[in-house]
There are 4 protein chains.
Amino acid sequence: MRVLDPLFRWPAVEEMFDDRSRVQAILDFEAALARAEAVAGVIPAAAAEAIAARCQADLLDLGDLARAAGVAGTLVIPIVERLTVLVARDDAVAGAYVHWGATSQDASDTGLVLQLRRALRAISDELRRLADALAALADRHRGTLMAGRTLLQHAVPTTFGLKAAGWLDAVTRHRARLADVRRRALAVQLGGAVGNLAALGNAGLAVAEALARDLRLELPDVPWHAHRDRLADVACWAGQCTGTLGKIARDMALLAQTEIGELHEPAGEGRGTSSTMPHKRNPVAATVVSAAAVRMPGLVATILAAMVQENERGAGGWHAEWETLPELLCVFAGALHHLTDAVAGLDVDTVRMRANLDLTGGLVFAEAVRMTLAPRVGRAEAAQRVAAACERAREEGRPLRDVLAAEPALAAHLPAAELAGLFDPRNAVGAAAALVDRALATHARISAQED
Amino acid sequence: MRVLDPLFRWPAVEEMFDDRSRVQAILDFEAALARAEAVAGVIPAAAAEAIAARCQADLLDLGDLARAAGVAGTLVIPIVERLTVLVARDDAVAGAYVHWGATSQDASDTGLVLQLRRALRAISDELRRLADALAALADRHRGTLMAGRTLLQHAVPTTFGLKAAGWLDAVTRHRARLADVRRRALAVQLGGAVGNLAALGNAGLAVAEALARDLRLELPDVPWHAHRDRLADVACWAGQCTGTLGKIARDMALLAQTEIGELHEPAGEGRGTSSTMPHKRNPVAATVVSAAAVRMPGLVATILAAMVQENERGAGGWHAEWETLPELLCVFAGALHHLTDAVAGLDVDTVRMRANLDLTGGLVFAEAVRMTLAPRVGRAEAAQRVAAACERAREEGRPLRDVLAAEPALAAHLPAAELAGLFDPRNAVGAAAALVDRALATHARISAQED
Amino acid sequence: MRVLDPLFRWPAVEEMFDDRSRVQAILDFEAALARAEAVAGVIPAAAAEAIAARCQADLLDLGDLARAAGVAGTLVIPIVERLTVLVARDDAVAGAYVHWGATSQDASDTGLVLQLRRALRAISDELRRLADALAALADRHRGTLMAGRTLLQHAVPTTFGLKAAGWLDAVTRHRARLADVRRRALAVQLGGAVGNLAALGNAGLAVAEALARDLRLELPDVPWHAHRDRLADVACWAGQCTGTLGKIARDMALLAQTEIGELHEPAGEGRGTSSTMPHKRNPVAATVVSAAAVRMPGLVATILAAMVQENERGAGGWHAEWETLPELLCVFAGALHHLTDAVAGLDVDTVRMRANLDLTGGLVFAEAVRMTLAPRVGRAEAAQRVAAACERAREEGRPLRDVLAAEPALAAHLPAAELAGLFDPRNAVGAAAALVDRALATHARISAQED
Amino acid sequence: MRVLDPLFRWPAVEEMFDDRSRVQAILDFEAALARAEAVAGVIPAAAAEAIAARCQADLLDLGDLARAAGVAGTLVIPIVERLTVLVARDDAVAGAYVHWGATSQDASDTGLVLQLRRALRAISDELRRLADALAALADRHRGTLMAGRTLLQHAVPTTFGLKAAGWLDAVTRHRARLADVRRRALAVQLGGAVGNLAALGNAGLAVAEALARDLRLELPDVPWHAHRDRLADVACWAGQCTGTLGKIARDMALLAQTEIGELHEPAGEGRGTSSTMPHKRNPVAATVVSAAAVRMPGLVATILAAMVQENERGAGGWHAEWETLPELLCVFAGALHHLTDAVAGLDVDTVRMRANLDLTGGLVFAEAVRMTLAPRVGRAEAAQRVAAACERAREEGRPLRDVLAAEPALAAHLPAAELAGLFDPRNAVGAAAALVDRALATHARISAQED
């Protein structure tokens with residue numbers, strides 16, 4: 001744990017990418033490889049057992065591995081060397097079969113895929129938790145009126161339920177995409193020195209199949225050591241998710257502004273409050289998520305740039321992934337975790353939402369008046385009359401409704417009762433509730449599929 | 001056509017994003033909206049007909065639109081104004097119903113989706129053409145021996161067929177992903193000022209459904225004006241594809257080096273040749289594709305960064321997409337087109353491939369010897385003996401095979417005939433042919449699904 | 001002019017990078033090269049005159065050049081071919097000396113530098129205009145009170161003058177940096193095929209010196225065709241500037257929100273207003289600038305990524321610059337131009353600023369009270385008492401000052417007059433005015449240096 | 001030390017950004033602030049001494065700080081709290097003056113600047129070491145002939161000295177730029193809650209001046225908490241440097257290819273060699289540097305994107321810097337360190353360089369022949385004859401020189417001795433040696449300035 005981790009990270013996922021987990025994932029590959037080679041008749045079953053029994057990260061010294069990796073140019077070489085010593089100590093034959101026929105990248109890549117699988121599982125669950133929290137907001141606030149805002153200006157009325165449904169719907173799409181990403185990305189890598197499994201003679205494919213089965217990973221058509229689109233797919237997906245998280249966080253931070261005050265993150269344990277500035281309700285989670293959204297495009301860009309890898313193993317592109325991909329997933333996971341907590345405890349000030357809607361003296365209803373008048377007096381005249389009334393309302397500081405009501409020429413076209421209805425924001429939110437229902441239905445369907 | 005377009009771009013796709021196509025796509029939305037509103041009983045059928053009949057880009061002056069867009073802040077407003085004038089000239093009632101109940105972003109976004117649909121169709125076909133060309137290479141060169149290279153160094157032998165199969169397999173995965181991306185991304189946008197369809201009263205959803213049907217686009221659960229993950233999905237997919245194209249191009253450029261000379265792009269029309277340097281066979285397409293691969297990560301990053309859009313319409317994020325997304329697709333399409341042409345006419349020098357494989361005097365077979373010896377003399381001893389022989393071969397400038405054959409201590413373990421077999425590269429490429437078959441089978445399956 | 005140009009671009013700079021300007025810049029190199037070679041005695045003076053006289057873009061057909069560039073792989077080759085024909089038509093000897101001893105990249109790179117010089121001059125002037133407008137704001141609003149905001153929450157009082165001085169100071173730094181960037185980046189490129197000027201025999205350096213003199217460009221120590229740090233320096237500088245512009249624009253958009261209303265962009269010609277939503281004062285320039293700030297990191301990243309160029313001329317990196325660098329400068333210049341206009345006509349609502357400062361009932365002064373009390377009652381007790389008073393003020397909806405005044409235990413430590421002073425925001429803005437003066441002084445100094 | 005650090009990082013710089021150094025840098029600010037406030041008469045001198053004496057990272061528990069930072073939203077708050085307790089334990093008065101009048105960001109930003117100063121000093125020294133090594137190569141290989149290569153193809157001859165001089169010259173420019181960057185970026189930050197130093201009453205500027213003097217940092221005109229161009233300048237500079245390092249590394253990796261074999265990184269301790277593939281001389285440092293060059297554009301883009309920070313303290317942009325900027329500097333420093341070691345021990349195979357130059361049978365001299373013939377027989381005829389001779393040479397597999405010598409029509413224009421001279425590569429490298437001298441002279445000058 002570094003000093004800034006608790007602020008930005010999600011410990012559960014962070015741990016999946018720490019040094020120990022990395023070494024263990026590589027060892028999990030080595031164990032499975034040995035078992036698969038025994039199944040395929042390439043190495044003795046007893047050797048596989050002996051090897052697998054010693055594939056435990058705790059038997060290795062991480063500092064020692066670090067020093068050796070710096071010389072070897074990869075972490076796998078010193079792991080295999082030390083594992084071989086451990087195995088050979090008790091069983092010389094088995095020692096000879098450690099990492100048999102594989103190349104370092106096989107262990108490194110498959111190990112990474114195993115780490116990704118764990119992380120994507122946790123992330124999938126957290127996305128579900130976020131979606132449930134958003135669905136609850138959408139449902140509860142189906143009729144909560146608020147100002148719709150475009151370019152940071154009041155536009156026309158809408159509901160907080162619809163806003164939450166928009167957030168939810170984007171998260172739902174990411175969940176649906178994740179299913180595809182997992183299916184495609186979680187493939188075993190076994191190719192040997194250049195990807196043709198030559199060191200395994202005729203048994204290459206049989207070993208690869210057994211290995212995929214053992215690890216419950218997809219068997220790719222051909223080894224993917226020099227083709228990184230599977231990893232890029234994961235990175236891009238995480239990048240897209242973070243874009244959505246960043247959008248939700250931006251909305252939350254904007255609605256929490258002192259002058260707006262419609263939303264606040266859950267208080268607690270001194271988070272976001274200040275003893276010297278007691279009026280503050282800092283959007284801490286939104287800030288963490290916004291920071292992630294600033295970082296993610298650069299991280300995804302790196303993974304895409306790294307795809308250009310030379311021949312059968314690149315000189316740089318592959319290595320650019322090593323630190324970047326775990327970082328990318330941890331930054332995303334941290335943002336997801338912090339946002340989920342904030343959404344789950346979100347403090348919604350519906351009174352303030354309603355009050356803010358009145359700030360413009362009814363001008364946010366001008367469009368509805370215009371749309372109603374247009375078929376009656378013609379589009380151009382409707383537009384001109386409403387614009388004139390708005391102008392007067394602004395100049396005289398009077399409610400638009402009063403200005404319109406006082407206009408005798410309009411009375412014939414807009415009876416008082418109808419005018420009142422146009423200024424009732426409940427009538428001004430169109431299909432908002434129906435749209436919320438659609439988003440909730442899809443959420444329920446996707447979640448049911450997952451269960 | 002700008003002066004550098006023919007070098008970098010693909011005219012067929014470029015044209016889909018030019019000014020005229022942009023304006024037409026927006027007009028296509030307006031026409032379909034009018035028809036949908038007639039279907040939903042919101043506007044008279046005759047008005048819809050009158051509007052649709054005038055939704056032709058050629059009736060508008062692009063320069064005039066440009067000037068007006070600069071003032072209005074969007075291209076849609078002046079289009080709608082001019083369309084209204086055109087329609088109203090002959091039919092005042094219809095004029096009043098132009099763009100009825102919609103907001104500028106509805107037209108802009110749906111227009112963009114229509115452009116994307118056309119472009120993705122052309123790109124899909126070109127990817128098929130690329131895949132077919134790669135499959136032909138993989139098939140034809142199933143047994144063509146060449147050096148496998150890692151970190152730009154000879155490693156062990158492989159086949160050009162397997163290399164081509166690796167290229168193909170990545171392209172096949174992108175094709176499979178494209179089906180999902182198209183299904184998800186090509187959704188209509190209709191939401192009105194803030195996304196609740198309020199200006200259409202009770203008919204909002206009915207109009208949206210009719211509109212989606214008319215344009216044969218997906219109807220989203222909720223309007224997506226402020227949630228851009230669908231577009232980000234397209235951008236990320238294009239970015240991933242370009243990564244693969246860049247990898248293929250890098251391989252091609254490396255293999256075309258003067259000292260290697262295993263591949264050359266098709267010559268013709270003076271492309272890539274130089275009268276003053278007649279020995280050059282410049283990898284022109286590979287260069288164009290590499291340039292695209294350098295550019296794409298930044299373009300994708302922009303689209304991801306732009307996802308953070310405020311409230312019901314952002315102030316900047318949305319606008320950052322306007323020029324970037326078309327550019328991104330055109331850069332990708334250009335790279336795809338140029339690479340496809342180059343791969344389809346690729347000049348493969350199999351003699352040179354075979355000759356280069358011998359450059360190290362057989363050292364590329366050392367690993368095979370070691371793997372064969374290991375079970376017979378023990379792993380450590382095998383490694384030590386082979387290393388010593390390699391050392392001697394390098395020092396004395398003799399072929400490794402001769403050095404090994406001259407070693408009496410090895411004769412017992414490695415009969416001459418077996419030794420010869422180990423130095424036959426045909427025996428050294430493992431599962432290469434079987435892997436090629438797997439890639440070809442998936443290619444055939446994906447292509448059949450598409451037909 | 002493309003349909004979105006007037007919204008996003010600055011025509012004066014845009015024109016400097018259009019096709020005609022590009023071709024002319026390359027021709028300017030060819031003319032100067034011929035003259036320099038005449039000076040150095042490499043070609044006859046008459047030939048140089050004949051060549052230079054025909055280096056006019058209007059003599060060439062851009063569409064024809066475009067087609068030919070697509071075959072040749074560079075725009076320079078067809079320009080040189082056509083120029084040669086033009087020159088040779090009247091003077092066969094001169095025709096033989098067109099582009100003598102140079103390579104395409106020499107013309108392309110030096111032409112680009114000439115374009116950059118023009119653009120940086122215009123940009124420098126516009127930055128001066130922006131700085132002057134910001135300085136005027138800082139000066140005029142030296143004492144204009146407003147809420148200082150952190151994490152989008154009211155923190156403590158500050159002045160709008162200091163905010164404007166902060167904007168100004170950043171712009172001033174960019175102006176100072178620009179002087180260095182121009183000095184370093186504007187270097188001639190002349191190297192011949194691989195950068196050693198071999199085709200010019202012994203006269204290479206003499207020609208290069210004469211060429212630099214002719215074009216008033218820096219003569220680099222060695223040709224820089226494969227080292228692109230000079231261009232990256234320009235790109236990074238533009239990226240940093242745009243970051244500052246984006247920060248100013250974000251502040252402007254936030255302060256223009258309906259609920260805040262402290263700033264508005266100049267109205268005019270229907271920009272940023274809406275007939276259907278008359279209460280809107282859309283931050284149009286801020287939106288354009290924000291879009292540029294979203295795009296610029298990706299564009300700069302591309303230029304940095306492109307720096308990795310192979311050997312004596314890269315296969316892709318160089319080509320990735322061709323479209324990106326002009327685009328980057330135009331996006332930046334457009335943002336600069338639009339922001340400058342907006343700042344120059346900015347509408348500052350000082351009444352609203354003052355009113356918003358009171359929104360928290362005086363809680364923004366709590367820190368000042370605490371700082372005053374601390375030396376008198378101890379830090380811990382001061383903090384505790386003030387926090388309690390704030391809590392009470394919030395709960396009871398009373399002004400903090402009244403709550404404090406009503407606290408008998410505090411009266412001894414905080415006489416009423418002093419308490420009143422603490423709640424006078426004019427006393428609460430510390431060194432704001434002095435800091436404004438510092439920023440204005442540096443602005444004046446930098447501007448004087450430039451004159 | 002994480003398990004991959006020794007491969008990618010430079011421990012000396014890595015340590016400057018570890019948790020302990022971070023905490024100490026913040027404490028260094030707190031100590032200096034107390035001393036400056038004593039100097040300015042704001043706090044008692046004894047309090048300042050008491051505070052400064054306890055500003056030692058070893059007195060704090062990093063794990064405890066981490067947990068507390070996660071709640072507080074910044075690392076500074078728990079540091080100040082714990083420091084206050086430590087100080088107050090012995091001196092209650094002094095305890096009240098810890099962090100007096102400052103805000104968290106003041107400590108965080110100034111602490112970062114102190115870390116940057118140390119890191120830039122180390123990096124500057126290492127750049128000097130790299131430049132010296134490159135200068136030695138340029139000097140030693142002033143006359144070493146090799147093929148100049150463009151688009152990865154042989155073009156015409158050049159010298160390895162000129163290539164090294166090009167590398168050197170770019171590094172020299174970065175060193176010159178660094179002087180400016182350090183001067184501008186290393187500024188103290190002290191502004192209080194919103195940047196106007198209000199909490200320090202009338203003494204704000206005096207304290208800031210004393211603080212800058214104490215820490216030997218620049219005093220900025222106005223606090224820069226919300227304007228991050230100084231940091232962006234550092235990041236961009238590092239990004240540009242890494243681009244150059246990446247270019248050098250790419251050249252090295254390409255020249256180390258099995259088929260080219262002109263350069264090799266220093267062997268040693270098993271780095272870059274493989275027991276199973278003894279012919280390999282993997283370009284390990286080049287790979288590490290290439291990976292950094294892939295990563296850096298995304299990291300710089302993040303810092304640029306983060307510049308858009310709201311009002312007096314941003315919600316996300318600032319926080320995006322926290323992890324990114326140290327990472328960016330460490331990635332750059334690691335690449336610099338590894339490349340410097342590799343260049344310092346570079347193994348140059350001049351025999352191979354010379355041999356490769358002959359691979360095309362003299363076609364690389366065709367341009368020289370053409371340039372010599374042109375004034376004698378006319379440009380067009382010269383081009384046509386040389387092209388024909390090249391064609392014949394290629395078809396018949398004969399050296400171009402022999403083909404030309406056997407052409408009677410040419411003998412008149414090109415006497416045998418002159419022809420021989422044209423095919424002597426020593427005559428074919430133009431101003432290479434003079435250009436090397438220019439680069440060495442500037443290197444010497446810049447280095448002398450630094451001493």
# chains A, B, ... in the order shown; residues from 1 in each chain; ligands from 1

$ select_by_dssp --residues "range 83-183 of chain D" --states "strand (DSSP E or B)" --output "PyMOL selection string"
chain D and resi 145-150+153-159

$ interface_residues --of "chain A" --to "chain D" --cutoff "8 Å" --atoms "only C-alpha atoms" --output "number ranges by chain"
A: 1-8, 19, 62-63, 65-67, 69-75, 253, 269-272, 283-284, 286-292, 294-295, 297-299, 301-302, 305-306, 315-320, 324

$ select_by_dssp --residues "range 229-398 of chain D" --states "alpha helix (DSSP H)" --output "ChimeraX atom specification"
/D:229-255,284-305,317-344,350-357,366-377,379-396

$ atom_distance --atom1 "CA of Val386 in chain C" --atom2 "CA of Ala46 in chain D"
27.4 Å

$ closest_residue --among "A:Val234, A:Ala136, A:Cys241, A:Leu410" --to "Leu336 in chain A" --atoms "only C-alpha atoms"
A:Cys241

$ atom_distance --atom1 "CA of Arg182 in chain A" --atom2 "CA of Leu112 in chain A"
13.4 Å

$ residues_around --residues "Gly362 in chain C" --least-positions-apart "3" --cutoff "10 Å" --atoms "only C-alpha atoms" --output "VMD selection string"
(chain A and resid 279) or (chain C and resid 156 357 to 359 365 to 366 390 393 398 to 402 423 to 425)

$ write_last_selection --atoms "N, CA and C atoms" --output "JSON list (two decimals), in the first residue's frame"
[["chain", "number", "residue", "atom", "x", "y", "z"],
["A", 279, "HIS", "N", -18.92, 24.97, 5.59],
["A", 279, "HIS", "CA", -19.98, 24.97, 4.59],
["A", 279, "HIS", "C", -19.66, 24.04, 3.43],
["C", 156, "VAL", "N", -13.29, 30.54, 0.56],
["C", 156, "VAL", "CA", -13.25, 31.82, 1.28],
["C", 156, "VAL", "C", -13.28, 32.93, 0.22],
["C", 357, "LEU", "N", -21.48, 35.64, -2.78],
["C", 357, "LEU", "CA", -20.57, 35.52, -1.64],
["C", 357, "LEU", "C", -21.32, 35.39, -0.33],
["C", 358, "ASP", "N", -22.56, 35.90, -0.32],
["C", 358, "ASP", "CA", -23.35, 35.84, 0.92],
["C", 358, "ASP", "C", -24.19, 34.58, 1.04],
["C", 359, "LEU", "N", -24.14, 33.73, 0.04],
["C", 359, "LEU", "CA", -25.06, 32.58, 0.01],
["C", 359, "LEU", "C", -24.93, 31.67, 1.21],
["C", 365, "PHE", "N", -16.49, 33.12, 6.12],
["C", 365, "PHE", "CA", -15.59, 33.89, 6.99],
["C", 365, "PHE", "C", -15.14, 33.10, 8.21],
["C", 366, "ALA", "N", -15.63, 31.90, 8.36],
["C", 366, "ALA", "CA", -15.32, 31.11, 9.55],
["C", 366, "ALA", "C", -13.82, 30.96, 9.74],
["C", 390, "CYS", "N", -20.60, 27.43, 13.67],
["C", 390, "CYS", "CA", -20.99, 27.13, 12.29],
["C", 390, "CYS", "C", -22.13, 26.12, 12.28],
["C", 393, "ALA", "N", -25.21, 27.84, 13.22],
["C", 393, "ALA", "CA", -25.67, 28.72, 12.14],
["C", 393, "ALA", "C", -26.38, 27.92, 11.05],
["C", 398, "ARG", "N", -29.24, 30.72, 10.57],
["C", 398, "ARG", "CA", -28.90, 32.11, 10.94],
["C", 398, "ARG", "C", -27.52, 32.46, 10.42],
["C", 399, "PRO", "N", -27.28, 33.74, 10.20],
["C", 399, "PRO", "CA", -25.94, 34.16, 9.80],
["C", 399, "PRO", "C", -24.92, 33.81, 10.88],
["C", 400, "LEU", "N", -23.76, 33.37, 10.45],
["C", 400, "LEU", "CA", -22.72, 32.99, 11.41],
["C", 400, "LEU", "C", -22.35, 34.17, 12.31],
["C", 401, "ARG", "N", -22.32, 35.33, 11.74],
["C", 401, "ARG", "CA", -21.92, 36.49, 12.52],
["C", 401, "ARG", "C", -22.87, 36.71, 13.69],
["C", 402, "ASP", "N", -24.17, 36.55, 13.46],
["C", 402, "ASP", "CA", -25.13, 36.72, 14.54],
["C", 402, "ASP", "C", -24.93, 35.65, 15.61],
["C", 423, "PHE", "N", -16.03, 40.03, 9.17],
["C", 423, "PHE", "CA", -17.06, 39.65, 8.21],
["C", 423, "PHE", "C", -17.17, 40.64, 7.06],
["C", 424, "ASP", "N", -16.24, 41.56, 7.03],
["C", 424, "ASP", "CA", -16.20, 42.46, 5.86],
["C", 424, "ASP", "C", -15.27, 41.84, 4.83],
["C", 425, "PRO", "N", -15.82, 41.42, 3.71],
["C", 425, "PRO", "CA", -14.97, 40.67, 2.77],
["C", 425, "PRO", "C", -13.79, 41.47, 2.24]]

$ atom_distance --atom1 "CA of Gly345 in chain B" --atom2 "CA of Glu15 in chain B"
25.5 Å

$ residues_around --residues "range 95-101 of chain C" --least-positions-apart "6" --cutoff "10 Å" --atoms "only C-alpha atoms" --output "ChimeraX atom specification"
/C:27,29-31,33-34,37,42-44,47-48,50-52,76-77,80-81,83-89,107,190-193,197-201,204,207 /D:367,371,374-375,378-380

$ residues_around --residues "Asn311 in chain A" --least-positions-apart "6" --cutoff "9 Å" --atoms "only C-alpha atoms" --output "mmCIF file with N, CA, C and O atoms, in the first residue's frame"
data_model
loop_
_atom_site.group_PDB
_atom_site.id
_atom_site.type_symbol
_atom_site.label_atom_id
_atom_site.label_comp_id
_atom_site.auth_asym_id
_atom_site.auth_seq_id
_atom_site.Cartn_x
_atom_site.Cartn_y
_atom_site.Cartn_z
ATOM 1 N N VAL A 194 8.812 -18.961 -30.755
ATOM 2 C CA VAL A 194 8.292 -18.041 -31.771
ATOM 3 C C VAL A 194 6.817 -18.282 -32.093
ATOM 4 O O VAL A 194 6.292 -17.705 -33.044
ATOM 5 N N ALA A 226 2.269 -12.002 -30.240
ATOM 6 C CA ALA A 226 2.612 -10.775 -30.960
ATOM 7 C C ALA A 226 1.376 -10.012 -31.431
ATOM 8 O O ALA A 226 1.498 -8.999 -32.117
ATOM 9 N N GLY B 148 12.113 -17.175 -37.435
ATOM 10 C CA GLY B 148 11.293 -16.485 -36.442
ATOM 11 C C GLY B 148 12.189 -15.495 -35.726
ATOM 12 O O GLY B 148 13.354 -15.810 -35.442
ATOM 13 N N ARG B 149 11.681 -14.320 -35.471
ATOM 14 C CA ARG B 149 12.528 -13.273 -34.890
ATOM 15 C C ARG B 149 11.885 -12.712 -33.625
ATOM 16 O O ARG B 149 10.710 -12.348 -33.645
ATOM 17 N N THR B 150 12.668 -12.603 -32.583
ATOM 18 C CA THR B 150 12.192 -11.964 -31.362
ATOM 19 C C THR B 150 13.178 -10.878 -30.970
ATOM 20 O O THR B 150 14.386 -11.052 -31.120
ATOM 21 N N LEU B 151 12.635 -9.756 -30.497
ATOM 22 C CA LEU B 151 13.463 -8.575 -30.216
ATOM 23 C C LEU B 151 14.383 -8.252 -31.399
ATOM 24 O O LEU B 151 15.517 -7.824 -31.230
ATOM 25 N N LEU B 152 13.877 -8.491 -32.606
ATOM 26 C CA LEU B 152 14.590 -8.178 -33.854
ATOM 27 C C LEU B 152 15.814 -9.049 -34.090
ATOM 28 O O LEU B 152 16.660 -8.729 -34.928
ATOM 29 N N LYS B 163 3.139 -16.871 -39.820
ATOM 30 C CA LYS B 163 3.141 -15.422 -39.600
ATOM 31 C C LYS B 163 1.887 -14.797 -40.231
ATOM 32 O O LYS B 163 1.181 -14.013 -39.589
ATOM 33 N N LYS B 247 0.879 -3.339 -36.790
ATOM 34 C CA LYS B 247 1.769 -4.463 -36.529
ATOM 35 C C LYS B 247 2.126 -5.170 -37.844
ATOM 36 O O LYS B 247 3.293 -5.503 -38.096
ATOM 37 N N ILE B 248 1.145 -5.397 -38.676
ATOM 38 C CA ILE B 248 1.411 -6.038 -39.968
ATOM 39 C C ILE B 248 2.353 -5.162 -40.796
ATOM 40 O O ILE B 248 3.328 -5.648 -41.396
ATOM 41 N N ARG B 250 4.481 -2.918 -39.751
ATOM 42 C CA ARG B 250 5.835 -2.913 -39.190
ATOM 43 C C ARG B 250 6.579 -4.183 -39.624
ATOM 44 O O ARG B 250 7.738 -4.122 -40.034
ATOM 45 N N ASP B 251 5.903 -5.315 -39.537
ATOM 46 C CA ASP B 251 6.522 -6.562 -39.989
ATOM 47 C C ASP B 251 6.934 -6.447 -41.458
ATOM 48 O O ASP B 251 8.051 -6.828 -41.838
ATOM 49 N N LEU B 254 9.940 -4.195 -41.909
ATOM 50 C CA LEU B 254 11.164 -4.827 -41.423
ATOM 51 C C LEU B 254 11.649 -5.900 -42.395
ATOM 52 O O LEU B 254 12.850 -6.022 -42.664
#

$ decode --residues "range 315-323 of chain A" --atoms "N, CA, C and O atoms" --output "mmCIF file, in the first residue's frame"
data_model
loop_
_atom_site.group_PDB
_atom_site.id
_atom_site.type_symbol
_atom_site.label_atom_id
_atom_site.label_comp_id
_atom_site.auth_asym_id
_atom_site.auth_seq_id
_atom_site.Cartn_x
_atom_site.Cartn_y
_atom_site.Cartn_z
ATOM 1 N N ALA A 315 10.188 -5.484 -29.489
ATOM 2 C CA ALA A 315 11.235 -4.879 -28.667
ATOM 3 C C ALA A 315 10.730 -3.545 -28.141
ATOM 4 O O ALA A 315 11.116 -2.496 -28.623
ATOM 5 N N GLY A 316 9.856 -3.600 -27.160
ATOM 6 C CA GLY A 316 9.374 -2.363 -26.569
ATOM 7 C C GLY A 316 7.867 -2.332 -26.396
ATOM 8 O O GLY A 316 7.360 -1.992 -25.329
ATOM 9 N N GLY A 317 7.135 -2.689 -27.426
ATOM 10 C CA GLY A 317 5.679 -2.645 -27.342
ATOM 11 C C GLY A 317 5.163 -3.563 -26.248
ATOM 12 O O GLY A 317 4.361 -3.157 -25.390
ATOM 13 N N TRP A 318 5.642 -4.784 -26.256
ATOM 14 C CA TRP A 318 5.201 -5.725 -25.228
ATOM 15 C C TRP A 318 5.560 -5.181 -23.840
ATOM 16 O O TRP A 318 4.752 -5.194 -22.912
ATOM 17 N N HIS A 319 6.750 -4.691 -23.732
ATOM 18 C CA HIS A 319 7.251 -4.234 -22.432
ATOM 19 C C HIS A 319 6.515 -2.989 -21.945
ATOM 20 O O HIS A 319 6.411 -2.751 -20.749
ATOM 21 N N ALA A 320 5.989 -2.211 -22.877
ATOM 22 C CA ALA A 320 5.223 -1.027 -22.480
ATOM 23 C C ALA A 320 3.921 -1.417 -21.792
ATOM 24 O O ALA A 320 3.362 -0.659 -21.015
ATOM 25 N N GLU A 321 3.447 -2.630 -22.088
ATOM 26 C CA GLU A 321 2.211 -3.105 -21.436
ATOM 27 C C GLU A 321 2.423 -3.461 -19.969
ATOM 28 O O GLU A 321 1.488 -3.361 -19.168
ATOM 29 N N TRP A 322 3.615 -3.931 -19.647
ATOM 30 C CA TRP A 322 3.827 -4.602 -18.363
ATOM 31 C C TRP A 322 3.360 -3.789 -17.160
ATOM 32 O O TRP A 322 2.715 -4.317 -16.274
ATOM 33 N N GLU A 323 3.749 -2.539 -17.127
ATOM 34 C CA GLU A 323 3.325 -1.715 -15.998
ATOM 35 C C GLU A 323 2.004 -0.998 -16.282
ATOM 36 O O GLU A 323 1.256 -0.664 -15.365
#
